[in-house]
>>> print(open('structure-v2.tsv').read())   # TSV, C-alpha atoms and all ligand atoms
chain	number	residue	atom	x	y	z
A	214	MET	CA	119.62	75.57	87.94
A	215	LYS	CA	120.02	75.85	91.70
A	216	ARG	CA	117.78	74.54	94.43
A	217	VAL	CA	116.53	77.65	96.22
A	218	LEU	CA	114.74	76.87	99.46
A	219	SER	CA	113.09	78.81	102.27
A	220	GLY	CA	110.25	78.63	104.77
A	221	ILE	CA	108.00	81.01	106.63
A	222	GLN	CA	106.23	80.63	109.96
A	223	PRO	CA	102.43	80.74	110.08
A	224	SER	CA	102.57	82.50	113.41
A	225	GLY	CA	100.26	85.35	112.38
A	226	ASP	CA	99.26	87.46	109.39
A	227	LEU	CA	102.09	87.88	106.89
A	228	HIS	CA	103.44	91.42	106.71
A	229	LEU	CA	105.54	93.77	104.58
A	230	GLY	CA	108.74	92.63	106.34
A	231	ASN	CA	108.03	89.06	105.28
A	232	TYR	CA	107.16	90.21	101.77
A	233	PHE	CA	110.21	92.37	101.09
A	234	GLY	CA	112.60	90.30	103.24
A	235	MET	CA	111.78	86.92	101.79
A	236	MET	CA	108.56	86.26	99.86
A	237	SER	CA	109.04	88.61	96.89
A	238	ARG	CA	112.57	87.30	96.37
A	239	MET	CA	111.43	83.68	96.49
A	240	ILE	CA	108.75	84.43	93.94
A	241	LYS	CA	111.30	86.01	91.63
A	242	TYR	CA	113.71	83.10	92.07
A	243	GLN	CA	111.16	80.57	90.86
A	244	GLU	CA	111.59	81.84	87.29
A	245	GLU	CA	115.05	80.35	86.85
A	246	ASN	CA	115.55	77.96	89.73
A	247	ASP	CA	114.25	74.80	91.32
A	248	LEU	CA	112.28	76.47	94.12
A	249	PHE	CA	111.38	74.64	97.34
A	250	CYS	CA	109.13	76.65	99.64
A	251	PHE	CA	107.16	75.63	102.72
A	252	ILE	CA	105.05	76.89	105.61
A	253	VAL	CA	106.85	75.93	108.81
A	254	ASN	CA	104.00	74.98	111.13
A	255	TYR	CA	106.23	72.73	113.29
A	256	HIS	CA	108.27	75.85	114.06
A	257	ALA	CA	105.12	77.81	114.87
A	258	LEU	CA	104.29	75.22	117.56
A	259	THR	CA	107.05	76.81	119.63
A	260	THR	CA	104.76	79.79	120.15
A	261	ILE	CA	101.16	78.86	119.20
A	262	LYS	CA	99.20	76.51	121.45
A	263	ASP	CA	95.75	77.05	119.94
A	264	LYS	CA	94.93	74.34	117.38
A	265	GLU	CA	92.33	76.30	115.39
A	266	LEU	CA	94.60	79.31	115.19
A	267	LEU	CA	97.59	77.30	113.99
A	268	ALA	CA	95.51	75.45	111.40
A	269	SER	CA	93.91	78.59	109.99
A	270	ASN	CA	97.17	80.57	110.01
A	271	THR	CA	98.84	77.72	108.11
A	272	LEU	CA	96.32	77.63	105.29
A	273	ASN	CA	96.16	81.43	105.17
A	274	ALA	CA	99.93	81.71	104.82
A	275	ALA	CA	99.84	79.19	101.96
A	276	MET	CA	97.07	81.13	100.21
A	277	ASP	CA	98.94	84.41	100.74
A	278	PHE	CA	102.06	83.00	99.12
A	279	ILE	CA	100.17	81.66	96.10
A	280	ALA	CA	98.21	84.92	95.77
A	281	LEU	CA	101.47	86.88	95.73
A	282	GLY	CA	102.78	84.83	92.83
A	283	LEU	CA	104.24	81.56	94.05
A	284	ASP	CA	103.32	79.04	91.35
A	285	PRO	CA	102.72	75.59	92.87
A	286	ASP	CA	102.94	73.96	89.43
A	287	ARG	CA	106.39	75.31	88.78
A	288	SER	CA	107.78	75.12	92.33
A	289	THR	CA	107.61	72.59	95.15
A	290	PHE	CA	105.35	74.14	97.79
A	291	TRP	CA	104.16	72.33	100.91
A	292	ILE	CA	103.28	72.45	104.59
A	293	GLN	CA	106.21	71.39	106.78
A	294	SER	CA	104.27	68.87	108.87
A	295	ASP	CA	103.17	66.98	105.74
A	296	VAL	CA	106.77	65.78	105.40
A	297	PRO	CA	107.40	64.55	108.96
A	298	GLN	CA	110.78	63.08	107.97
A	299	VAL	CA	112.22	66.45	109.09
A	300	CYS	CA	111.54	65.44	112.68
A	301	GLU	CA	113.62	62.29	112.35
A	302	SER	CA	116.49	64.17	110.78
A	303	THR	CA	116.24	66.80	113.54
A	304	TRP	CA	116.97	64.02	116.01
A	305	LEU	CA	119.87	62.72	113.94
A	306	LEU	CA	121.39	66.19	113.72
A	307	SER	CA	120.80	66.91	117.43
A	308	ASN	CA	123.52	64.46	118.27
A	309	ILE	CA	126.24	66.50	116.65
A	310	VAL	CA	125.11	69.91	117.96
A	311	ASN	CA	126.77	71.21	121.10
A	312	VAL	CA	124.49	73.08	123.49
A	313	GLY	CA	126.96	75.99	123.30
A	314	LEU	CA	125.88	76.60	119.71
A	315	LEU	CA	122.23	76.87	120.72
A	316	ASP	CA	123.10	79.01	123.77
A	317	ARG	CA	124.54	81.61	121.42
A	318	ALA	CA	121.35	81.94	119.33
A	319	THR	CA	120.36	85.60	119.51
A	320	SER	CA	116.83	84.94	118.26
A	321	TYR	CA	116.26	82.55	121.22
A	322	LYS	CA	117.71	85.07	123.66
A	323	ASP	CA	115.51	87.85	122.20
A	324	LYS	CA	112.41	85.71	122.54
A	325	LEU	CA	113.20	84.94	126.20
A	326	ALA	CA	113.85	88.62	126.87
A	327	ARG	CA	110.35	89.28	125.53
A	328	GLY	CA	108.85	86.93	128.07
A	329	MET	CA	108.43	83.72	126.04
A	330	THR	CA	108.67	80.42	127.91
A	331	ALA	CA	111.95	78.62	127.36
A	332	ASN	CA	110.55	75.33	126.07
A	333	VAL	CA	112.85	72.77	124.49
A	334	GLY	CA	111.22	73.31	121.09
A	335	LEU	CA	112.15	76.98	121.15
A	336	TYR	CA	115.68	76.11	122.22
A	337	SER	CA	116.27	73.52	119.55
A	338	TYR	CA	114.48	75.55	116.83
A	339	PRO	CA	117.75	76.08	114.87
A	340	ILE	CA	118.25	72.31	114.55
A	341	LEU	CA	114.78	71.85	113.06
A	342	MET	CA	115.58	74.70	110.69
A	343	ALA	CA	118.88	73.08	109.70
A	344	SER	CA	116.98	69.86	109.09
A	345	ASP	CA	114.50	71.72	106.85
A	346	ILE	CA	117.32	72.93	104.69
A	347	LEU	CA	119.62	69.90	104.63
A	348	LEU	CA	116.93	67.28	104.09
A	349	PHE	CA	115.94	68.86	100.78
A	350	GLY	CA	119.41	69.65	99.49
A	351	GLY	CA	118.83	73.43	99.67
A	352	GLU	CA	121.71	75.25	97.96
A	353	ILE	CA	120.57	78.87	98.25
A	354	VAL	CA	118.44	80.07	101.16
A	355	PRO	CA	116.80	83.51	100.79
A	356	VAL	CA	115.96	84.94	104.19
A	357	GLY	CA	115.79	88.31	105.91
A	358	LYS	CA	118.76	89.63	107.90
A	359	ASP	CA	117.35	88.33	111.19
A	360	GLN	CA	117.91	84.73	110.03
A	361	LYS	CA	121.61	85.14	109.25
A	362	GLN	CA	122.79	83.43	112.42
A	363	HIS	CA	120.41	80.50	111.93
A	364	LEU	CA	121.90	80.00	108.48
A	365	GLU	CA	125.43	80.06	109.87
A	366	MET	CA	124.38	77.40	112.37
A	367	THR	CA	122.95	75.28	109.56
A	368	ARG	CA	126.23	75.48	107.69
A	369	ASP	CA	128.17	74.53	110.86
A	370	ILE	CA	125.88	71.56	111.42
A	371	ALA	CA	126.18	70.35	107.82
A	372	ILE	CA	129.97	70.67	107.82
A	373	ARG	CA	130.27	68.87	111.13
A	374	PHE	CA	127.93	66.08	110.00
A	375	ASN	CA	129.85	65.55	106.76
A	376	GLN	CA	133.19	65.55	108.63
A	377	THR	CA	131.92	63.04	111.18
A	378	PHE	CA	129.92	60.65	109.01
A	379	GLY	CA	130.98	61.33	105.41
A	380	ASP	CA	129.56	63.58	102.72
A	381	VAL	CA	125.79	63.47	102.89
A	382	PHE	CA	124.54	67.05	103.00
A	383	VAL	CA	124.89	70.03	100.69
A	384	ILE	CA	126.40	73.06	102.44
A	385	PRO	CA	123.83	75.82	101.85
A	386	GLU	CA	124.59	79.46	101.03
A	387	PRO	CA	122.50	82.18	102.68
A	388	ASP	CA	121.00	84.75	100.35
A	389	ILE	CA	120.43	87.93	102.27
A	390	GLU	CA	119.48	91.00	100.30
A	391	LYS	CA	122.37	93.41	100.77
A	392	THR	CA	120.47	96.54	99.84
A	393	THR	CA	117.37	95.99	101.95
A	394	GLN	CA	117.80	96.62	105.64
A	395	LEU	CA	115.42	94.92	108.01
A	396	VAL	CA	112.00	96.33	107.27
A	397	PRO	CA	111.00	98.48	110.24
A	398	GLY	CA	107.62	98.19	111.91
A	399	ILE	CA	105.38	101.17	112.59
A	400	ASP	CA	107.22	101.71	115.90
A	401	GLY	CA	110.68	101.69	114.27
A	402	GLN	CA	111.75	98.26	115.61
A	403	LYS	CA	112.04	95.25	113.25
A	404	MET	CA	108.60	94.54	111.82
A	405	SER	CA	107.46	91.26	113.32
A	406	LYS	CA	104.27	89.26	113.77
A	407	SER	CA	105.07	88.94	117.43
A	408	TYR	CA	105.80	92.62	118.17
A	409	GLY	CA	102.38	94.08	117.27
A	410	ASN	CA	104.04	96.64	114.97
A	411	MET	CA	103.31	95.21	111.58
A	412	ILE	CA	101.57	96.27	108.41
A	413	PRO	CA	99.82	93.17	107.03
A	414	ILE	CA	99.88	92.42	103.31
A	415	PHE	CA	96.21	91.47	103.25
A	416	GLY	CA	93.41	92.83	105.41
A	417	SER	CA	90.70	95.44	105.42
A	418	GLU	CA	91.43	98.81	103.85
A	419	LYS	CA	90.39	100.59	107.03
A	420	SER	CA	92.66	98.65	109.38
A	421	ILE	CA	95.69	98.78	107.08
A	422	ARG	CA	95.24	102.51	106.46
A	423	LYS	CA	95.15	102.96	110.24
A	424	GLN	CA	98.49	101.13	110.54
A	425	PHE	CA	100.09	103.40	107.94
A	426	MET	CA	98.74	106.48	109.68
A	427	SER	CA	100.25	105.21	112.98
A	428	ILE	CA	103.85	105.01	111.68
A	429	ILE	CA	105.92	106.74	114.32
A	430	THR	CA	107.43	110.13	113.42
A	431	ASP	CA	109.51	112.70	115.29
A	432	SER	CA	108.37	116.13	116.39
A	433	ALA	CA	110.07	118.08	113.56
A	434	GLY	CA	107.89	121.08	112.66
A	435	ILE	CA	106.46	121.52	109.18
A	436	ASN	CA	109.11	124.06	108.22
A	437	GLU	CA	112.07	121.98	109.38
A	438	PRO	CA	113.89	119.42	107.17
A	439	LYS	CA	112.97	115.84	108.06
A	440	ASP	CA	115.17	112.94	109.16
A	441	THR	CA	115.47	110.12	106.62
A	442	HIS	CA	116.67	107.53	109.15
A	443	THR	CA	113.08	106.94	110.12
A	444	PRO	CA	110.57	104.14	109.58
A	445	LEU	CA	108.35	106.37	107.40
A	446	PHE	CA	111.19	107.10	104.99
A	447	GLN	CA	112.47	103.53	104.98
A	448	LEU	CA	109.04	102.01	104.43
A	449	TYR	CA	108.30	104.41	101.60
A	450	CYS	CA	111.62	103.53	99.90
A	451	LEU	CA	110.50	99.90	99.60
A	452	PHE	CA	108.00	101.02	96.98
A	453	LEU	CA	110.35	103.28	95.01
A	454	ASN	CA	113.18	102.80	92.53
A	455	GLU	CA	116.50	104.59	93.01
A	456	ASP	CA	115.37	107.83	91.38
A	457	GLY	CA	112.16	107.82	93.38
A	458	GLN	CA	114.17	107.35	96.56
A	459	LYS	CA	116.37	110.34	95.69
A	460	ASP	CA	113.29	112.48	95.05
A	461	LEU	CA	111.84	111.42	98.36
A	462	ALA	CA	115.08	112.31	100.16
A	463	ASP	CA	114.90	115.76	98.51
A	464	ARG	CA	111.34	116.22	99.68
A	465	PHE	CA	112.37	115.24	103.22
A	466	ALA	CA	115.17	117.81	103.10
A	467	THR	CA	112.87	120.60	101.93
A	468	PRO	CA	110.80	122.51	104.51
A	469	GLY	CA	107.02	122.26	104.12
A	470	LEU	CA	106.60	118.49	104.15
A	471	ARG	CA	103.76	117.17	106.31
A	472	TYR	CA	104.19	113.65	107.71
A	473	GLY	CA	100.43	113.05	107.51
A	474	ASP	CA	100.43	113.70	103.75
A	475	VAL	CA	103.38	111.36	103.21
A	476	LYS	CA	101.65	108.61	105.16
A	477	LYS	CA	98.50	108.94	103.05
A	478	GLU	CA	100.55	108.86	99.86
A	479	LEU	CA	102.46	105.80	101.00
A	480	PHE	CA	99.23	103.99	101.82
A	481	GLU	CA	97.98	104.69	98.28
A	482	TYR	CA	101.21	103.26	96.79
A	483	PHE	CA	100.84	100.15	98.87
A	484	TRP	CA	97.13	99.72	98.19
A	485	ASN	CA	97.55	100.06	94.42
A	486	GLN	CA	100.60	97.80	94.22
A	487	PHE	CA	98.85	94.95	96.01
A	488	GLU	CA	95.49	95.33	94.25
A	489	PRO	CA	95.89	92.35	91.83
A	490	TYR	CA	97.15	90.11	94.63
A	491	ARG	CA	94.08	90.94	96.73
A	492	ASP	CA	91.81	89.75	93.93
A	493	LYS	CA	93.76	86.49	93.60
A	494	ARG	CA	93.71	86.03	97.37
A	495	GLU	CA	89.95	86.44	97.41
A	496	TYR	CA	89.64	83.87	94.63
A	497	LEU	CA	91.78	81.35	96.54
A	498	SER	CA	89.77	81.68	99.75
A	499	ASN	CA	86.78	80.62	97.68
A	500	HIS	CA	88.72	77.72	96.10
A	501	LYS	CA	90.41	76.06	99.05
A	502	ASP	CA	90.21	72.59	97.46
A	503	TYR	CA	92.54	73.76	94.72
A	504	VAL	CA	95.02	75.01	97.34
A	505	LEU	CA	94.81	71.77	99.32
A	506	ASP	CA	95.39	69.67	96.19
A	507	LYS	CA	98.47	71.69	95.27
A	508	LEU	CA	99.87	71.41	98.80
A	509	LYS	CA	99.37	67.66	98.71
A	510	GLU	CA	101.21	67.37	95.39
A	511	GLY	CA	103.99	69.54	96.83
A	512	SER	CA	104.39	67.38	99.94
A	513	GLU	CA	104.65	64.27	97.78
A	514	LYS	CA	107.44	65.79	95.69
A	515	ALA	CA	109.24	67.11	98.77
A	516	GLY	CA	108.83	63.76	100.57
A	517	THR	CA	110.61	61.93	97.75
A	518	VAL	CA	113.64	64.20	98.09
A	519	ALA	CA	113.58	63.97	101.90
A	520	ASP	CA	113.60	60.16	101.75
A	521	ILE	CA	116.76	60.16	99.64
A	522	TYR	CA	118.73	62.36	102.08
A	523	LEU	CA	117.29	60.67	105.15
A	524	THR	CA	118.25	57.21	103.90
A	525	LYS	CA	121.80	58.43	103.20
A	526	ALA	CA	122.05	59.99	106.68
A	527	ARG	CA	120.69	56.87	108.39
A	528	GLU	CA	123.15	54.69	106.50
A	529	ALA	CA	126.05	57.04	107.23
A	530	MET	CA	125.26	56.96	110.95
A	531	GLY	CA	124.92	53.19	111.25
A	532	LEU	CA	121.17	52.93	111.70
A	533	HIS	CA	120.95	50.36	108.93
A	534	TYR	CA	122.25	47.36	110.80
A	535	GLY	CA	121.52	44.44	108.49
A	536	GLU	CA	119.88	43.16	105.34
A	537	THR	CA	116.30	43.66	106.55
A	538	SER	CA	116.61	46.96	108.42
A	539	VAL	CA	114.82	49.94	106.86
A	601	LIG	P1	108.26	87.22	112.11
A	601	LIG	O1	109.44	87.88	112.78
A	601	LIG	O2	107.24	88.23	111.74
A	601	LIG	O3	107.68	86.07	112.89
A	601	LIG	P2	109.35	85.20	110.42
A	601	LIG	O4	110.35	84.89	111.47
A	601	LIG	O5	108.29	84.18	110.15
A	601	LIG	O6	108.74	86.62	110.72
A	601	LIG	O7	110.13	85.51	109.08
A	601	LIG	C1	109.83	84.98	107.79
A	601	LIG	C2	110.80	85.54	106.78
A	601	LIG	O8	110.61	86.96	106.67
A	601	LIG	C3	112.27	85.35	107.19
A	601	LIG	O9	113.05	85.12	106.05
A	601	LIG	C4	112.62	86.64	107.84
A	601	LIG	O10	114.00	86.90	107.78
A	601	LIG	C5	111.82	87.63	107.00
A	601	LIG	N1	111.48	88.79	107.82
A	601	LIG	C6	110.70	88.82	108.92
A	601	LIG	N2	110.60	90.05	109.42
A	601	LIG	C7	111.36	90.83	108.60
A	601	LIG	C8	111.67	92.23	108.57
A	601	LIG	N3	111.17	93.05	109.47
A	601	LIG	N4	112.48	92.68	107.60
A	601	LIG	C9	112.99	91.84	106.66
A	601	LIG	N5	112.74	90.53	106.63
A	601	LIG	C10	111.93	90.02	107.58
A	602	LIG	N1	113.30	80.39	111.08
A	602	LIG	C1	112.74	80.99	109.90
A	602	LIG	C2	112.07	82.29	110.29
A	602	LIG	O1	111.60	82.45	111.38
A	602	LIG	C3	111.75	80.09	109.23
A	602	LIG	C4	112.37	78.84	108.73
A	602	LIG	C5	112.18	77.59	109.20
A	602	LIG	C6	113.24	78.71	107.60
A	602	LIG	N2	112.86	76.69	108.47
A	602	LIG	C7	113.51	77.33	107.48
A	602	LIG	C8	113.78	79.62	106.72
A	602	LIG	C9	114.37	76.86	106.47
A	602	LIG	C10	114.63	79.14	105.70
A	602	LIG	C11	114.92	77.77	105.58
A	602	LIG	O2	111.96	83.14	109.44
>>> encode(input="structure-v2.tsv", output="structure tokens")
Amino acid sequence: MKRVLSGIQPSGDLHLGNYFGMMSRMIKYQEENDLFCFIVNYHALTTIKDKELLASNTLNAAMDFIALGLDPDRSTFWIQSDVPQVCESTWLLSNIVNVGLLDRATSYKDKLARGMTANVGLYSYPILMASDILLFGGEIVPVGKDQKQHLEMTRDIAIRFNQTFGDVFVIPEPDIEKTTQLVPGIDGQKMSKSYGNMIPIFGSEKSIRKQFMSIITDSAGINEPKDTHTPLFQLYCLFLNEDGQKDLADRFATPGLRYGDVKKELFEYFWNQFEPYRDKREYLSNHKDYVLDKLKEGSEKAGTVADIYLTKAREAMGLHYGETSV
């Protein structure tokens, strides 16, 4: 049984990229592994400065995850800031990270290019992420392709720490789905909460249908074959098995296909697939006390593990200086 661990930012509504890139895999992993999963609200502070928004996004993300199948009785599920030990270990790890490593972070560079302010939190984000993984002994970390570099940094940090201070941390393995490319947004770029191009998992039928109908297409005429390297084709494939994907490719190659019809069909697939989760989600929003209780239990379990690794790291670094030091 492996410890499988991952986190998701509550920086906006969760979307199909989050679901297919990370959440559905985590939910599957819980069947045969020791799953650790958390909502990374400390990370979201790098971009959200509105307290009500952060608080409501955090609880919503937790309810989304449980509605989609994460079982808080079987797995350890918590809100990042309820185990503040990660902040201490972030500081400990900061002292073995060269700024050159952070300078090379493509996600940081992308965010700056999109006009975000270069605050220190955003810059040191990968160290907090490393801390999230190392402090809980994460062995396997399922993430989408965009997090590959952050995972490599985490491994570098763990290896360097162990070489400098002795073996304390587990070296985690990334788990990036080979077959799924990054899920495209309706504009064809990576689907992301911050790019305004997403299809949310939960929301009103009208607004989600509108998103599906807005998926960008080319100007191929009805009687021309259609390109399959397009967001419409790729998004549709997420809902199909291999045979279904082949059939879809055939339909794209055959003249007569109307993009509008395909979009409507795809919406129906989506809407039906998520139907049971919507009912559960509705139930949870009316039973928030249950969710809060489960999150509290999760943070207690996670805190116990964090304390073990943190104590080892403090000892290894010389912060325990005598009989009475803690
Ligand atoms: P966002 O870019 O929307 O803010 P996050 O950074 O919170 O998403 O990502 C949460 C998880 O979902 C990560 O594991 C990330 O790799 C995955 N993910 C996010 N967007 C996509 C996407 N478009 N395709 C595949 N996986 C994604
Ligand atoms: N940086 C990740 C993202 O944006 C979220 C994250 C924070 C994470 N801490 C983590 C993912 C630890 C895996 C493990 O998607």
>>> closest_atom_pairs(input="structure-v2.tsv", of="chain A", to="ligand LIG 601 (chain A)", cutoff="9 Å", atoms="only C-alpha atoms and all ligand atoms", output="tab-separated table")
residue	atom	partner	partner_atom	distance
A:Ser219	CA	A:LIG601	O9	7.4
A:Gly220	CA	A:LIG601	C1	7.0
A:Ile221	CA	A:LIG601	C1	4.5
A:Gln222	CA	A:LIG601	O5	4.1
A:Pro223	CA	A:LIG601	O5	6.8
A:Ser224	CA	A:LIG601	O3	6.3
A:Gly225	CA	A:LIG601	O3	7.5
A:Asp226	CA	A:LIG601	O2	8.4
A:Leu227	CA	A:LIG601	O2	7.1
A:His228	CA	A:LIG601	O2	7.1
A:Leu229	CA	A:LIG601	C8	7.5
A:Gly230	CA	A:LIG601	C8	3.7
A:Asn231	CA	A:LIG601	O8	3.6
A:Tyr232	CA	A:LIG601	O8	6.8
A:Phe233	CA	A:LIG601	C9	6.2
A:Gly234	CA	A:LIG601	N5	3.4
A:Met235	CA	A:LIG601	O9	4.8
A:Met236	CA	A:LIG601	O8	7.1
A:Val253	CA	A:LIG601	O5	8.5
A:Ala257	CA	A:LIG601	O5	8.5
A:Val354	CA	A:LIG601	O9	8.9
A:Pro355	CA	A:LIG601	O9	6.7
A:Val356	CA	A:LIG601	O9	3.5
A:Gly357	CA	A:LIG601	O10	2.9
A:Lys358	CA	A:LIG601	O10	5.5
A:Asp359	CA	A:LIG601	O10	5.0
A:Gln360	CA	A:LIG601	O10	5.0
A:Lys361	CA	A:LIG601	O10	7.9
A:Ile389	CA	A:LIG601	O10	8.5
A:Thr393	CA	A:LIG601	C9	7.7
A:Gln394	CA	A:LIG601	C9	6.9
A:Leu395	CA	A:LIG601	N4	3.7
A:Val396	CA	A:LIG601	N4	3.7
A:Pro397	CA	A:LIG601	N3	5.5
A:Gly398	CA	A:LIG601	N3	6.7
A:Gln402	CA	A:LIG601	N3	8.1
A:Lys403	CA	A:LIG601	N3	4.5
A:Met404	CA	A:LIG601	N3	3.8
A:Ser405	CA	A:LIG601	O2	3.4
A:Lys406	CA	A:LIG601	O2	3.7
A:Ser407	CA	A:LIG601	O3	6.0
A:Tyr408	CA	A:LIG601	O2	7.9
A:Met411	CA	A:LIG601	O2	8.0
>>> atom_distance(input="structure-v2.tsv", atom1="atom CA of Trp304 of chain A", atom2="atom CA of Val383 of chain A")
18.3 Å
>>> closest_residue(input="structure-v2.tsv", among="A:Asp316, A:Glu418, A:Asp295, A:Asp345", to="ligand LIG 602 (chain A)", atoms="all atoms listed in the file")
A:Asp345
>>> closest_residue(input="structure-v2.tsv", among="A:Ala343, A:Leu325, A:Ile261, A:Ala331", to="ligand LIG 602 (chain A)", atoms="all atoms listed in the file")
A:Ala343
>>> atom_distance(input="structure-v2.tsv", atom1="atom CA of Ala529 of chain A", atom2="atom CA of Arg317 of chain A")
28.4 Å
>>> closest_residue(input="structure-v2.tsv", among="A:Gly328, A:Gly334, A:Pro285, A:Pro444", to="Leu258 of chain A", atoms="all atoms listed in the file")
A:Gly334
>>> closest_residue(input="structure-v2.tsv", among="A:Ala371, A:Ala275, A:Asn246, A:Leu348", to="Trp291 of chain A", atoms="all atoms listed in the file")
A:Ala275
>>> closest_residue(input="structure-v2.tsv", among="A:Leu272, A:Leu445, A:Ile346, A:Ile384", to="ligand LIG 602 (chain A)", atoms="all atoms listed in the file")
A:Ile346
>>> closest_residue(input="structure-v2.tsv", among="A:Tyr490, A:Tyr242, A:Phe465, A:Tyr321", to="ligand LIG 602 (chain A)", atoms="all atoms listed in the file")
A:Tyr321
>>> decode(input="structure-v2.tsv", residues="segment 356-382 of chain A", atoms="C-alpha atoms", output="mmCIF file, in the first residue's frame")
data_model
loop_
_atom_site.group_PDB
_atom_site.id
_atom_site.type_symbol
_atom_site.label_atom_id
_atom_site.label_comp_id
_atom_site.auth_asym_id
_atom_site.auth_seq_id
_atom_site.Cartn_x
_atom_site.Cartn_y
_atom_site.Cartn_z
ATOM 1 C CA VAL A 356 -0.824 15.644 -10.950
ATOM 2 C CA GLY A 357 -1.539 17.040 -14.394
ATOM 3 C CA LYS A 358 1.292 17.605 -16.882
ATOM 4 C CA ASP A 359 1.640 21.275 -15.912
ATOM 5 C CA GLN A 360 2.962 20.260 -12.474
ATOM 6 C CA LYS A 361 5.789 18.070 -13.768
ATOM 7 C CA GLN A 362 8.493 20.651 -13.131
ATOM 8 C CA HIS A 363 7.241 21.349 -9.601
ATOM 9 C CA LEU A 364 7.530 17.639 -8.879
ATOM 10 C CA GLU A 365 11.080 17.527 -10.228
ATOM 11 C CA MET A 366 11.929 20.434 -7.931
ATOM 12 C CA THR A 367 10.434 18.567 -4.974
ATOM 13 C CA ARG A 368 12.596 15.560 -5.741
ATOM 14 C CA ASP A 369 15.706 17.781 -6.041
ATOM 15 C CA ILE A 370 14.913 19.414 -2.708
ATOM 16 C CA ALA A 371 14.352 16.082 -0.942
ATOM 17 C CA ILE A 372 17.553 14.584 -2.340
ATOM 18 C CA ARG A 373 19.568 17.642 -1.390
ATOM 19 C CA PHE A 374 18.088 17.716 2.120
ATOM 20 C CA ASN A 375 18.838 14.039 2.703
ATOM 21 C CA GLN A 376 22.399 14.458 1.371
ATOM 22 C CA THR A 377 23.021 17.471 3.582
ATOM 23 C CA PHE A 378 21.348 16.435 6.829
ATOM 24 C CA GLY A 379 20.804 12.675 6.602
ATOM 25 C CA ASP A 380 17.874 10.586 5.438
ATOM 26 C CA VAL A 381 14.663 12.225 6.588
ATOM 27 C CA PHE A 382 12.386 12.544 3.580
#
